[in-house]
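Asks: Supplied structure: entry-v2.tsv, TSV, C-alpha atoms.
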```tsv
chain	number	residue	atom	x	y	z
A	1	MET	CA	0.00	0.00	0.00
A	2	PRO	CA	1.42	3.44	-0.92
A	3	VAL	CA	2.64	5.47	2.02
A	4	THR	CA	0.11	8.23	1.28
A	5	ALA	CA	-2.76	5.75	1.48
A	6	ARG	CA	-1.97	5.41	5.18
A	7	ARG	CA	-1.29	9.13	5.71
A	8	PHE	CA	-4.27	10.68	3.92
A	9	PRO	CA	-7.92	9.51	4.00
A	10	PHE	CA	-8.81	10.74	0.51
A	11	ALA	CA	-8.39	9.32	-2.98
A	12	ASP	CA	-4.94	9.52	-4.57
A	13	TYR	CA	-6.14	11.25	-7.74
A	14	PRO	CA	-8.58	14.17	-7.41
A	15	LYS	CA	-10.80	15.36	-10.22
A	16	GLY	CA	-9.72	18.49	-12.09
A	17	TRP	CA	-7.20	20.07	-14.45
A	18	PHE	CA	-3.54	19.18	-13.94
A	19	GLN	CA	-0.31	20.21	-15.62
A	20	VAL	CA	1.53	17.49	-17.53
A	21	ALA	CA	4.03	19.57	-19.53
A	22	TYR	CA	4.97	23.01	-20.77
A	23	SER	CA	4.09	24.00	-24.31
A	24	ARG	CA	7.80	24.47	-24.96
A	25	ASP	CA	8.37	20.78	-24.15
A	26	VAL	CA	6.25	19.53	-27.06
A	27	GLU	CA	7.10	21.11	-30.39
A	28	ALA	CA	5.40	20.20	-33.67
A	29	GLY	CA	6.25	16.59	-34.51
A	30	ASP	CA	7.33	15.72	-30.96
A	31	VAL	CA	6.14	12.64	-29.06
A	32	VAL	CA	6.77	12.87	-25.32
A	33	GLY	CA	6.24	10.05	-22.83
A	34	LEU	CA	4.67	10.97	-19.49
A	35	TYR	CA	3.76	9.26	-16.23
A	36	TYR	CA	0.98	10.71	-14.07
A	37	PHE	CA	-2.04	9.33	-12.20
A	38	GLY	CA	-0.29	5.97	-12.08
A	39	ARG	CA	-0.49	5.66	-15.90
A	40	ARG	CA	1.83	5.88	-18.85
A	41	LEU	CA	0.70	8.69	-21.16
A	42	VAL	CA	1.92	10.19	-24.40
A	43	CYS	CA	1.72	13.82	-25.47
A	44	TYR	CA	2.28	14.80	-29.10
A	45	ARG	CA	1.77	17.85	-31.28
A	46	GLY	CA	0.51	17.32	-34.81
A	47	SER	CA	0.56	19.41	-37.95
A	48	SER	CA	-2.42	21.48	-36.76
A	49	GLY	CA	-0.32	22.71	-33.82
A	50	THR	CA	-2.69	21.13	-31.31
A	51	ALA	CA	-1.25	19.18	-28.39
A	52	TYR	CA	-2.92	15.85	-27.66
A	53	VAL	CA	-2.57	13.51	-24.68
A	54	LEU	CA	-3.44	9.82	-24.99
A	55	ASP	CA	-2.82	6.66	-23.01
A	56	ALA	CA	0.55	5.34	-24.10
A	57	TYR	CA	0.13	1.58	-24.47
A	58	CYS	CA	-0.98	0.54	-27.95
A	59	PRO	CA	-4.21	-1.53	-27.90
A	60	HIS	CA	-2.73	-3.82	-30.54
A	61	LEU	CA	0.18	-5.55	-28.78
A	62	GLY	CA	0.98	-3.15	-25.97
A	63	ALA	CA	3.96	-1.10	-27.18
A	64	ASP	CA	4.59	2.19	-25.37
A	65	ILE	CA	3.98	4.81	-28.06
A	66	GLY	CA	5.91	7.33	-25.99
A	67	VAL	CA	9.09	5.33	-26.67
A	68	GLY	CA	9.91	5.62	-30.35
A	69	GLY	CA	6.51	6.81	-31.56
A	70	SER	CA	6.28	9.38	-34.36
A	71	VAL	CA	3.86	11.99	-35.69
A	72	ARG	CA	2.21	11.88	-39.09
A	73	GLU	CA	-0.11	14.75	-40.02
A	74	ASP	CA	-2.21	15.19	-36.88
A	75	CYS	CA	-1.83	11.59	-35.71
A	76	VAL	CA	0.62	9.56	-33.66
A	77	VAL	CA	2.15	6.34	-34.97
A	78	CYS	CA	3.04	3.31	-32.86
A	79	PRO	CA	6.69	2.31	-33.31
A	80	PHE	CA	5.96	-1.45	-33.13
A	81	HIS	CA	3.65	-2.07	-36.12
A	82	GLY	CA	2.96	1.39	-37.49
A	83	TRP	CA	-0.64	1.65	-36.36
A	84	LYS	CA	-1.82	5.26	-36.57
A	85	PHE	CA	-4.12	6.94	-34.04
A	86	ASP	CA	-5.79	10.34	-34.19
A	87	GLY	CA	-6.11	12.88	-31.39
A	88	HIS	CA	-9.33	11.23	-30.22
A	89	GLY	CA	-7.49	7.94	-29.75
A	90	ALA	CA	-9.15	6.18	-32.69
A	91	ASN	CA	-7.16	3.85	-34.91
A	92	VAL	CA	-7.27	5.40	-38.39
A	93	GLU	CA	-4.73	3.32	-40.28
A	94	ILE	CA	-2.99	-0.06	-40.21
A	95	PRO	CA	-0.23	-0.06	-42.83
A	96	TYR	CA	-0.58	-3.73	-43.79
A	97	THR	CA	-4.39	-3.96	-44.00
A	98	LYS	CA	-7.03	-2.06	-45.93
A	99	ARG	CA	-9.10	-1.01	-42.95
A	100	PRO	CA	-8.36	0.26	-39.43
A	101	ASN	CA	-9.61	-1.58	-36.36
A	102	PRO	CA	-12.61	0.36	-34.95
A	103	THR	CA	-12.31	-1.38	-31.57
A	104	ALA	CA	-8.65	-0.39	-31.12
A	105	LYS	CA	-8.79	2.85	-29.15
A	106	LEU	CA	-6.52	4.79	-26.86
A	107	ARG	CA	-8.01	6.83	-24.05
A	108	ALA	CA	-7.90	10.48	-25.10
A	109	TRP	CA	-7.45	12.97	-22.27
A	110	PRO	CA	-9.22	16.35	-22.55
A	111	THR	CA	-6.32	18.73	-23.10
A	112	VAL	CA	-5.97	22.51	-23.12
A	113	GLU	CA	-3.05	24.93	-23.23
A	114	ARG	CA	-3.10	27.99	-21.02
A	115	ALA	CA	-0.29	30.44	-20.38
A	116	GLY	CA	2.32	28.17	-21.96
A	117	ILE	CA	1.22	25.12	-19.93
A	118	ILE	CA	-0.36	21.86	-21.14
A	119	PHE	CA	-3.15	20.68	-18.85
A	120	VAL	CA	-5.27	17.53	-18.89
A	121	TRP	CA	-8.60	16.89	-17.24
A	122	HIS	CA	-8.50	13.93	-14.88
A	123	SER	CA	-11.57	12.23	-13.47
A	124	PRO	CA	-11.46	8.77	-11.86
A	125	SER	CA	-14.88	8.02	-13.38
A	126	GLY	CA	-13.83	9.25	-16.83
A	127	SER	CA	-16.31	12.14	-16.79
A	128	ALA	CA	-15.94	15.08	-19.17
A	129	PRO	CA	-14.54	18.42	-17.93
A	130	GLU	CA	-16.98	20.14	-15.63
A	131	TRP	CA	-15.45	23.61	-15.87
A	132	GLU	CA	-12.94	25.58	-17.90
A	133	LEU	CA	-9.52	26.72	-16.84
A	134	PRO	CA	-9.21	30.50	-16.42
A	135	LYS	CA	-7.45	32.80	-18.79
A	136	ILE	CA	-4.26	34.30	-17.37
A	137	PRO	CA	-4.22	37.94	-18.55
A	138	GLU	CA	-0.55	38.36	-17.65
A	139	SER	CA	0.39	35.69	-20.21
A	140	ASP	CA	-0.78	38.00	-23.02
A	141	ASP	CA	0.44	41.23	-21.44
A	142	ALA	CA	3.60	42.70	-22.97
A	143	ALA	CA	4.45	44.12	-19.55
A	144	PHE	CA	5.23	40.57	-18.33
A	145	THR	CA	7.51	37.77	-19.43
A	146	PHE	CA	7.06	34.01	-19.02
A	147	TYR	CA	9.61	32.54	-16.62
A	148	ALA	CA	9.66	28.85	-15.71
A	149	PRO	CA	13.19	27.81	-14.75
A	150	GLU	CA	13.96	24.09	-14.80
A	151	ASP	CA	14.79	24.11	-11.10
A	152	ALA	CA	11.29	25.40	-10.22
A	153	LYS	CA	10.05	21.81	-10.31
A	154	TRP	CA	9.94	19.35	-7.42
A	155	THR	CA	8.91	15.74	-6.84
A	156	PHE	CA	8.03	14.74	-3.29
A	157	ARG	CA	5.80	12.51	-1.18
A	158	SER	CA	2.49	14.25	-0.58
A	159	HIS	CA	-0.96	14.95	-2.03
A	160	PRO	CA	-2.36	18.02	-3.86
A	161	GLN	CA	-4.85	18.70	-1.07
A	162	GLU	CA	-2.08	18.80	1.51
A	163	VAL	CA	-0.03	21.21	-0.59
A	164	PHE	CA	-2.90	23.62	-1.25
A	165	GLU	CA	-4.08	23.58	2.36
A	166	ASN	CA	-1.06	25.80	3.05
A	167	THR	CA	-2.99	28.57	1.28
A	168	VAL	CA	-5.29	28.95	4.29
A	169	ASP	CA	-2.75	27.98	6.97
A	170	ILE	CA	-1.45	31.51	7.39
A	171	ALA	CA	0.13	30.87	10.81
A	172	HIS	CA	2.87	28.82	9.15
A	173	PHE	CA	3.92	31.90	7.14
A	174	ALA	CA	5.73	33.11	10.26
A	175	THR	CA	7.10	29.86	11.69
A	176	VAL	CA	8.21	28.25	8.42
A	177	HIS	CA	8.79	31.18	6.08
A	178	GLY	CA	9.85	33.92	8.47
A	179	VAL	CA	7.09	36.40	7.63
A	180	SER	CA	7.33	39.10	10.29
A	181	ALA	CA	3.57	39.58	10.63
A	182	PHE	CA	0.30	38.36	9.21
A	183	GLY	CA	-3.22	39.65	9.61
A	184	ALA	CA	-6.71	38.81	8.41
A	185	LEU	CA	-7.56	35.98	6.05
A	186	ASP	CA	-10.64	36.30	3.86
A	187	VAL	CA	-11.88	33.24	1.98
A	188	SER	CA	-14.69	32.69	-0.50
A	189	GLU	CA	-15.73	29.96	-2.88
A	190	ASP	CA	-17.68	29.67	-6.08
A	191	GLY	CA	-18.00	26.10	-7.29
A	192	HIS	CA	-14.58	24.89	-8.40
A	193	LEU	CA	-12.95	28.22	-7.39
A	194	PHE	CA	-11.63	28.84	-3.88
A	195	ARG	CA	-10.14	32.24	-3.13
A	196	ALA	CA	-8.03	33.23	-0.13
A	197	VAL	CA	-6.67	36.72	0.51
A	198	ALA	CA	-4.13	36.85	3.36
A	199	GLU	CA	-2.71	40.05	4.82
A	200	VAL	CA	1.05	39.73	5.34
A	201	ASN	CA	4.20	41.78	5.68
A	202	PHE	CA	6.67	41.37	2.85
A	203	GLU	CA	10.34	41.51	3.78
A	204	THR	CA	12.30	43.91	1.55
A	205	PRO	CA	15.74	45.53	1.73
A	206	ARG	CA	13.94	48.63	2.94
A	207	GLY	CA	12.19	46.70	5.71
A	208	PRO	CA	8.72	45.13	6.03
A	209	VAL	CA	6.03	46.33	3.62
A	210	SER	CA	2.35	45.68	4.30
A	211	GLY	CA	0.52	43.80	1.58
A	212	ALA	CA	-1.52	40.72	0.80
A	213	VAL	CA	-1.29	37.39	-1.00
A	214	ASP	CA	-4.28	36.71	-3.25
A	215	SER	CA	-4.61	33.00	-4.11
A	216	GLU	CA	-7.20	31.55	-6.50
A	217	LEU	CA	-7.42	27.76	-6.41
A	218	PHE	CA	-8.98	26.16	-9.46
A	219	GLY	CA	-9.81	22.67	-8.31
A	220	MET	CA	-7.06	20.59	-6.76
A	221	GLY	CA	-4.40	21.20	-9.42
A	222	VAL	CA	-3.89	24.92	-10.00
A	223	ASP	CA	-3.23	27.92	-7.75
A	224	VAL	CA	-2.92	31.38	-9.31
A	225	VAL	CA	-1.21	33.77	-6.89
A	226	ARG	CA	-0.95	37.55	-7.11
A	227	HIS	CA	0.56	40.00	-4.63
A	228	ARG	CA	-0.78	43.29	-3.41
A	229	GLY	CA	1.53	45.99	-2.11
A	230	LEU	CA	4.75	45.34	-4.05
A	231	GLY	CA	3.79	45.87	-7.65
A	232	ARG	CA	2.16	43.53	-10.13
A	233	SER	CA	3.01	39.85	-10.23
A	234	CYS	CA	1.45	36.52	-11.15
A	235	THR	CA	2.62	33.06	-10.15
A	236	ILE	CA	1.02	29.72	-11.03
A	237	LEU	CA	1.59	26.74	-8.76
A	238	THR	CA	0.52	23.41	-10.23
A	239	VAL	CA	0.52	20.10	-8.37
A	240	THR	CA	0.01	16.85	-10.30
A	241	PRO	CA	-0.19	13.35	-8.78
A	242	ILE	CA	2.39	10.96	-10.17
A	243	ASP	CA	1.24	7.85	-8.35
A	244	GLY	CA	-0.27	7.07	-4.97
A	245	GLU	CA	2.82	8.37	-3.20
A	246	TYR	CA	4.50	11.19	-5.13
A	247	VAL	CA	3.36	14.48	-6.63
A	248	GLU	CA	5.06	16.90	-8.98
A	249	ALA	CA	4.90	20.63	-8.20
A	250	ARG	CA	5.92	23.39	-10.60
A	251	TYR	CA	6.06	27.17	-10.43
A	252	THR	CA	5.41	29.29	-13.49
A	253	PHE	CA	6.11	33.00	-13.09
A	254	PHE	CA	4.90	35.97	-15.10
A	255	VAL	CA	7.47	38.56	-14.14
A	256	ALA	CA	7.14	42.28	-14.74
A	257	ILE	CA	9.54	43.74	-17.32
A	258	ASP	CA	11.53	46.90	-16.73
A	259	PRO	CA	10.41	49.18	-19.60
A	260	ASP	CA	13.86	50.80	-19.78
A	261	THR	CA	15.94	47.63	-20.02
A	262	GLY	CA	13.47	45.04	-21.28
A	263	GLU	CA	14.71	42.72	-18.55
A	264	MET	CA	12.86	41.16	-15.64
A	265	THR	CA	12.54	43.57	-12.74
A	266	ARG	CA	14.61	42.99	-9.63
A	267	MET	CA	11.40	42.73	-7.62
A	268	GLY	CA	10.00	40.10	-10.00
A	269	LYS	CA	13.13	37.98	-9.85
A	270	GLY	CA	13.08	38.34	-6.08
A	271	PHE	CA	9.52	37.01	-5.93
A	272	ALA	CA	10.55	33.98	-7.99
A	273	ARG	CA	13.50	33.23	-5.69
A	274	ASP	CA	11.31	33.61	-2.60
A	275	PHE	CA	8.60	31.30	-3.93
A	276	CYS	CA	11.16	28.59	-4.70
A	277	LYS	CA	12.80	29.00	-1.30
A	278	GLN	CA	9.47	28.77	0.47
A	279	ILE	CA	8.28	25.58	-1.21
A	280	GLU	CA	11.62	23.97	-0.37
A	281	GLN	CA	10.98	24.91	3.26
A	282	ASP	CA	7.55	23.27	3.07
A	283	ILE	CA	8.55	20.01	1.39
A	284	PRO	CA	10.14	18.29	4.45
A	285	ILE	CA	6.97	19.01	6.42
A	286	TRP	CA	4.65	17.72	3.69
A	287	GLU	CA	6.69	14.57	3.28
A	288	ASN	CA	6.57	13.66	6.96
A	289	LYS	CA	3.23	14.93	8.29
A	290	VAL	CA	-0.04	13.01	8.69
A	291	TYR	CA	-3.57	14.24	8.07
A	292	ARG	CA	-5.62	15.09	11.14
A	293	ASP	CA	-9.26	14.56	10.23
A	294	ARG	CA	-10.37	16.54	13.29
A	295	PRO	CA	-7.49	18.91	13.99
A	296	LYS	CA	-7.30	20.82	17.26
A	297	LEU	CA	-7.32	24.31	15.78
A	298	ALA	CA	-6.46	27.65	17.33
A	299	GLN	CA	-8.82	30.60	17.28
A	300	GLY	CA	-8.95	32.13	13.82
A	301	GLU	CA	-8.02	28.93	11.93
A	302	GLY	CA	-11.52	28.02	10.80
A	303	ALA	CA	-10.61	28.64	7.14
A	304	ILE	CA	-8.74	25.33	7.18
A	305	MET	CA	-12.02	23.45	7.63
A	306	GLU	CA	-13.73	25.65	5.03
A	307	PHE	CA	-11.00	24.67	2.57
A	308	ARG	CA	-11.39	20.97	3.38
A	309	THR	CA	-15.14	21.10	2.88
A	310	TRP	CA	-14.67	22.79	-0.50
A	311	ALA	CA	-12.02	20.23	-1.48
A	312	GLN	CA	-14.47	17.33	-1.22
A	313	GLN	CA	-16.04	18.23	-4.57
A	314	SER	CA	-12.76	17.18	-6.23
A	315	TYR	CA	-13.40	13.52	-5.41
A	316	ASP	CA	-15.92	11.41	-7.30
A	317	ALA	CA	-18.40	10.00	-4.82
A	318	GLU	CA	-18.51	6.64	-6.58
A	319	VAL	CA	-14.76	6.15	-6.21
A	320	PRO	CA	-14.01	4.89	-2.68
A	321	ALA	CA	-11.15	6.39	-0.70
A	322	PRO	CA	-8.29	4.04	0.25
A	323	ASN	CA	-8.57	2.18	3.55
```
How would this structure read if it were set down as structure tokens?

Replies:
Amino acid sequence: MPVTARRFPFADYPKGWFQVAYSRDVEAGDVVGLYYFGRRLVCYRGSSGTAYVLDAYCPHLGADIGVGGSVREDCVVCPFHGWKFDGHGANVEIPYTKRPNPTAKLRAWPTVERAGIIFVWHSPSGSAPEWELPKIPESDDAAFTFYAPEDAKWTFRSHPQEVFENTVDIAHFATVHGVSAFGALDVSEDGHLFRAVAEVNFETPRGPVSGAVDSELFGMGVDVVRHRGLGRSCTILTVTPIDGEYVEARYTFFVAIDPDTGEMTRMGKGFARDFCKQIEQDIPIWENKVYRDRPKLAQGEGAIMEFRTWAQQSYDAEVPAPN
């Protein structure tokens, strides 16, 4: 039994949109093997420019299309016998017969690209997407630049719900991250969207500056964070389950550009460094903590239970949680 099955009383794989790659990772004609949700997947980009994600194992004789597969027009071709599949997972050609096999299908994952990120919709029951991912205005704003360094990616033992619970656990900002002061926390929810605005002091070379962290959680896979008080910024934290034990977390930054130099602002680069430092401070705690179903909370920590109640919609009722 995976370690997390003993630590957390909820299903390993929530329902929602999850990052599986960056757009830059899958150029036209590329076939990229992936492993998430305990499954081998393949992502490819055809001649139309659209990115597709399918299950990787060929329904013919089981070859992994992510290892040696190729792209032809807007289809992916199995390296073993040359069977061709379209973006819906249907077999459209077998090179040594006149007709394709209509029963030979690969699972096609609903896929969208937002802000330079490739997302798939995951549902344990196989249901269609229930909501759309938000637009990220900063991704189309010439005042910002896309910044996703390779080292802003981590694999560790935890669960998306545990990671995103930190959004409403503002007391840990001081003990773990050294924030000099924090104030009120306002939370609200609207279906798949959970919003938390936390008043904090930002540490700067000129001393503490009062501001706020505005987090918008879109299901259990995406957190869009903006700051108030230190200029414009936008950071996307994505958390994707790999298997029943490990998750992958990535930061994508949209950093303000200095209009005089065309370079990222010092403040923007500082935010990126701080975010990476903070998640690395959190990881040892996430990897070693357990979930308290009925935590003994301090006064003012009720938002933690509000978050947990909201999170339940990310689990299909018909899929039982692990024992």

Asks: List as a list in words the protein and nucleic acid residues near Ala51 in chain A, meaning an atom at most 10 Å away when only C-alpha atoms are counted, but skip any in the same chain fewer than 6 places from it.

Replies: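 So, after excluding close chain neighbours, the residues are Ser23, Val26, Glu27, Ala28, Asp30, Val31, Cys43, Tyr44, Arg45, Asp74, Gly87, Thr111, Val112, Glu113, Ile118 and Phe119 of chain A.
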
Asks: What would the list of residues within 8 Å of (2.4, 31.9, -19.4) (file frame) look like as a list in words, if all atoms listed in the file are what count?

Replies: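 Within the cut-off we find Arg114, Ala115, Gly116, Ile117, Ile136, Glu138, Ser139, Asp140, Thr145, Phe146, Tyr147, Thr252, Phe253 and Phe254 of chain A.
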
Asks: Can you tell me, as a tab-separated table (two decimals) with C-alpha atoms, in the coordinates of the input, what residues are no more than 12 Å from range 179-190 of chain A when counting all atoms listed in the file, ignoring any on the same chain fewer than 4 positions away?

Replies:
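Dumped to selection_23.tsv:
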```tsv
chain	number	residue	atom	x	y	z
A	131	TRP	CA	-15.45	23.61	-15.87
A	167	THR	CA	-2.99	28.57	1.28
A	168	VAL	CA	-5.29	28.95	4.29
A	169	ASP	CA	-2.75	27.98	6.97
A	170	ILE	CA	-1.45	31.51	7.39
A	171	ALA	CA	0.13	30.87	10.81
A	172	HIS	CA	2.87	28.82	9.15
A	173	PHE	CA	3.92	31.90	7.14
A	174	ALA	CA	5.73	33.11	10.26
A	175	THR	CA	7.10	29.86	11.69
A	194	PHE	CA	-11.63	28.84	-3.88
A	195	ARG	CA	-10.14	32.24	-3.13
A	196	ALA	CA	-8.03	33.23	-0.13
A	197	VAL	CA	-6.67	36.72	0.51
A	198	ALA	CA	-4.13	36.85	3.36
A	199	GLU	CA	-2.71	40.05	4.82
A	200	VAL	CA	1.05	39.73	5.34
A	201	ASN	CA	4.20	41.78	5.68
A	202	PHE	CA	6.67	41.37	2.85
A	203	GLU	CA	10.34	41.51	3.78
A	204	THR	CA	12.30	43.91	1.55
A	207	GLY	CA	12.19	46.70	5.71
A	208	PRO	CA	8.72	45.13	6.03
A	209	VAL	CA	6.03	46.33	3.62
A	210	SER	CA	2.35	45.68	4.30
A	211	GLY	CA	0.52	43.80	1.58
A	212	ALA	CA	-1.52	40.72	0.80
A	213	VAL	CA	-1.29	37.39	-1.00
A	214	ASP	CA	-4.28	36.71	-3.25
A	215	SER	CA	-4.61	33.00	-4.11
A	216	GLU	CA	-7.20	31.55	-6.50
A	217	LEU	CA	-7.42	27.76	-6.41
A	218	PHE	CA	-8.98	26.16	-9.46
A	219	GLY	CA	-9.81	22.67	-8.31
A	274	ASP	CA	11.31	33.61	-2.60
A	278	GLN	CA	9.47	28.77	0.47
A	300	GLY	CA	-8.95	32.13	13.82
A	301	GLU	CA	-8.02	28.93	11.93
A	302	GLY	CA	-11.52	28.02	10.80
A	303	ALA	CA	-10.61	28.64	7.14
A	304	ILE	CA	-8.74	25.33	7.18
A	305	MET	CA	-12.02	23.45	7.63
A	306	GLU	CA	-13.73	25.65	5.03
A	307	PHE	CA	-11.00	24.67	2.57
A	308	ARG	CA	-11.39	20.97	3.38
A	309	THR	CA	-15.14	21.10	2.88
A	310	TRP	CA	-14.67	22.79	-0.50
A	311	ALA	CA	-12.02	20.23	-1.48
A	313	GLN	CA	-16.04	18.23	-4.57
```

Asks: So that I can see what lies close to Glu73 in chain A, please list as a ChimeraX atom specification the residues with an atom at most 8 Å from it, counting all atoms listed in the file and leaving out residues fewer than 4 positions away in the same chain.

Replies: /A:46-48

Asks: Using only C-alpha atoms, which of the listed residues (A:Pro95, A:Gly33, A:Gly38, A:Pro129) sits closest to Val67 in chain A?

Replies: A:Gly33

Asks: CA of Pro9 in chain A to CA of Val290 in chain A: how many Å, to one decimal?

Replies: 9.8 Å

Asks: I'd like the contact shell of Pro284 in chain A - 12 Å cut-off, all atoms listed in the file, skipping same-chain residues fewer than 6 positions apart - returned as a PDB file with C-alpha atoms, in the frame of the given file.

Replies:
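The resulting file, result.pdb, is reproduced below:
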```pdb
ATOM      1  CA  TRP A 154       9.940  19.350  -7.420  1.00  0.00           C
ATOM      2  CA  THR A 155       8.910  15.740  -6.840  1.00  0.00           C
ATOM      3  CA  PHE A 156       8.030  14.740  -3.290  1.00  0.00           C
ATOM      4  CA  ARG A 157       5.800  12.510  -1.180  1.00  0.00           C
ATOM      5  CA  SER A 158       2.490  14.250  -0.580  1.00  0.00           C
ATOM      6  CA  VAL A 163      -0.030  21.210  -0.590  1.00  0.00           C
ATOM      7  CA  VAL A 176       8.210  28.250   8.420  1.00  0.00           C
ATOM      8  CA  GLN A 278       9.470  28.770   0.470  1.00  0.00           C
TER       9      GLN A 278
END
```

Asks: So the first atom is CA of Ile285 in chain A and the second is CA of Asp243 in chain A; what is the distance between them in Å, to one decimal place?

Replies: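 Straight-line distance from CA of Ile285 in chain A to CA of Asp243 in chain A works out to 19.4 Å.
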
Asks: Could you work out how far CA of Tyr251 in chain A lies from CA of Val224 in chain A, giving the answer in Å with one decimal?

Replies: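 Rounded to one decimal, the two atoms are 10.0 Å apart.
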
Asks: My list of candidates is A:Lys296, A:Arg273, A:His159, A:His192. Which is closest to Arg7 in chain A when distances are computed with all atoms listed in the file?

Replies: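 Nearest candidate to Arg7 in chain A out of A:Lys296, A:Arg273, A:His159, A:His192: A:His159.
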
Asks: Which one is closest to Asp223 in chain A: A:Asp12, A:Glu165, A:Glu280, A:Glu150? Count all atoms listed in the file.

Replies: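 Ranking A:Asp12, A:Glu165, A:Glu280, A:Glu150 by distance to Asp223 in chain A, first place goes to A:Glu165.
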
Asks: Skip Phe144 in chain A itself and residues of its chain fewer than 6 positions away, then list as a ChimeraX atom specification all residues within 10 Å of it, counting all atoms listed in the file.

Replies: /A:137-138,232-234,253-258,262-265,268

Asks: Could you check the closest approach to Tyr96 in chain A for each of A:Lys153, A:Arg24, A:Lys269, A:His81 and tell me which residue wins, using all atoms listed in the file?

Replies: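 For Tyr96 in chain A, the nearest of the given residues is A:His81.
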
Asks: Centre and edge lengths, as JSON, for the axis-aligned box enclosing every listed atom of range 269-273 of chain A with 6 Å of padding on each of the six sides, in Å to one decimal?

Replies:
```
{"center_x": 11.5, "center_y": 35.8, "center_z": -7.8, "size_x": 16.0, "size_y": 17.1, "size_z": 16.2}
```

Asks: Will you model N, CA, C and O atoms for range 289-300 of chain A and pass it back as a PDB file, keeping the file's coordinate frame?

Replies:
```pdb
ATOM      1  N   LYS A 289       4.402  14.700   7.461  1.00  0.00           N
ATOM      2  CA  LYS A 289       3.230  14.930   8.290  1.00  0.00           C
ATOM      3  C   LYS A 289       2.142  13.883   8.021  1.00  0.00           C
ATOM      4  O   LYS A 289       2.194  13.166   7.016  1.00  0.00           O
ATOM      5  N   VAL A 290       1.155  13.814   8.905  1.00  0.00           N
ATOM      6  CA  VAL A 290      -0.040  13.010   8.690  1.00  0.00           C
ATOM      7  C   VAL A 290      -1.248  13.950   8.664  1.00  0.00           C
ATOM      8  O   VAL A 290      -1.166  15.097   9.088  1.00  0.00           O
ATOM      9  N   TYR A 291      -2.349  13.459   8.160  1.00  0.00           N
ATOM     10  CA  TYR A 291      -3.570  14.240   8.070  1.00  0.00           C
ATOM     11  C   TYR A 291      -4.401  14.042   9.329  1.00  0.00           C
ATOM     12  O   TYR A 291      -4.721  12.911   9.701  1.00  0.00           O
ATOM     13  N   ARG A 292      -4.742  15.130   9.979  1.00  0.00           N
ATOM     14  CA  ARG A 292      -5.620  15.090  11.140  1.00  0.00           C
ATOM     15  C   ARG A 292      -7.043  15.402  10.664  1.00  0.00           C
ATOM     16  O   ARG A 292      -7.352  16.519  10.286  1.00  0.00           O
ATOM     17  N   ASP A 293      -7.900  14.383  10.701  1.00  0.00           N
ATOM     18  CA  ASP A 293      -9.260  14.560  10.230  1.00  0.00           C
ATOM     19  C   ASP A 293     -10.029  15.576  11.085  1.00  0.00           C
ATOM     20  O   ASP A 293     -10.851  16.338  10.583  1.00  0.00           O
ATOM     21  N   ARG A 294      -9.746  15.584  12.378  1.00  0.00           N
ATOM     22  CA  ARG A 294     -10.370  16.540  13.290  1.00  0.00           C
ATOM     23  C   ARG A 294      -9.268  17.281  14.046  1.00  0.00           C
ATOM     24  O   ARG A 294      -8.996  17.020  15.216  1.00  0.00           O
ATOM     25  N   PRO A 295      -8.628  18.221  13.375  1.00  0.00           N
ATOM     26  CA  PRO A 295      -7.490  18.910  13.990  1.00  0.00           C
ATOM     27  C   PRO A 295      -7.925  19.796  15.152  1.00  0.00           C
ATOM     28  O   PRO A 295      -9.033  20.344  15.161  1.00  0.00           O
ATOM     29  N   LYS A 296      -7.058  19.919  16.131  1.00  0.00           N
ATOM     30  CA  LYS A 296      -7.300  20.820  17.260  1.00  0.00           C
ATOM     31  C   LYS A 296      -6.805  22.209  16.862  1.00  0.00           C
ATOM     32  O   LYS A 296      -5.623  22.522  17.010  1.00  0.00           O
ATOM     33  N   LEU A 297      -7.711  23.021  16.356  1.00  0.00           N
ATOM     34  CA  LEU A 297      -7.320  24.310  15.780  1.00  0.00           C
ATOM     35  C   LEU A 297      -7.281  25.418  16.816  1.00  0.00           C
ATOM     36  O   LEU A 297      -7.953  25.343  17.851  1.00  0.00           O
ATOM     37  N   ALA A 298      -6.496  26.442  16.517  1.00  0.00           N
ATOM     38  CA  ALA A 298      -6.460  27.650  17.330  1.00  0.00           C
ATOM     39  C   ALA A 298      -7.548  28.610  16.850  1.00  0.00           C
ATOM     40  O   ALA A 298      -8.087  28.469  15.740  1.00  0.00           O
ATOM     41  N   GLN A 299      -7.853  29.590  17.670  1.00  0.00           N
ATOM     42  CA  GLN A 299      -8.820  30.600  17.280  1.00  0.00           C
ATOM     43  C   GLN A 299      -8.354  31.281  15.998  1.00  0.00           C
ATOM     44  O   GLN A 299      -7.182  31.611  15.835  1.00  0.00           O
ATOM     45  N   GLY A 300      -9.282  31.467  15.070  1.00  0.00           N
ATOM     46  CA  GLY A 300      -8.950  32.130  13.820  1.00  0.00           C
ATOM     47  C   GLY A 300      -8.504  31.202  12.704  1.00  0.00           C
ATOM     48  O   GLY A 300      -8.177  31.679  11.613  1.00  0.00           O
TER      49      GLY A 300
END
```
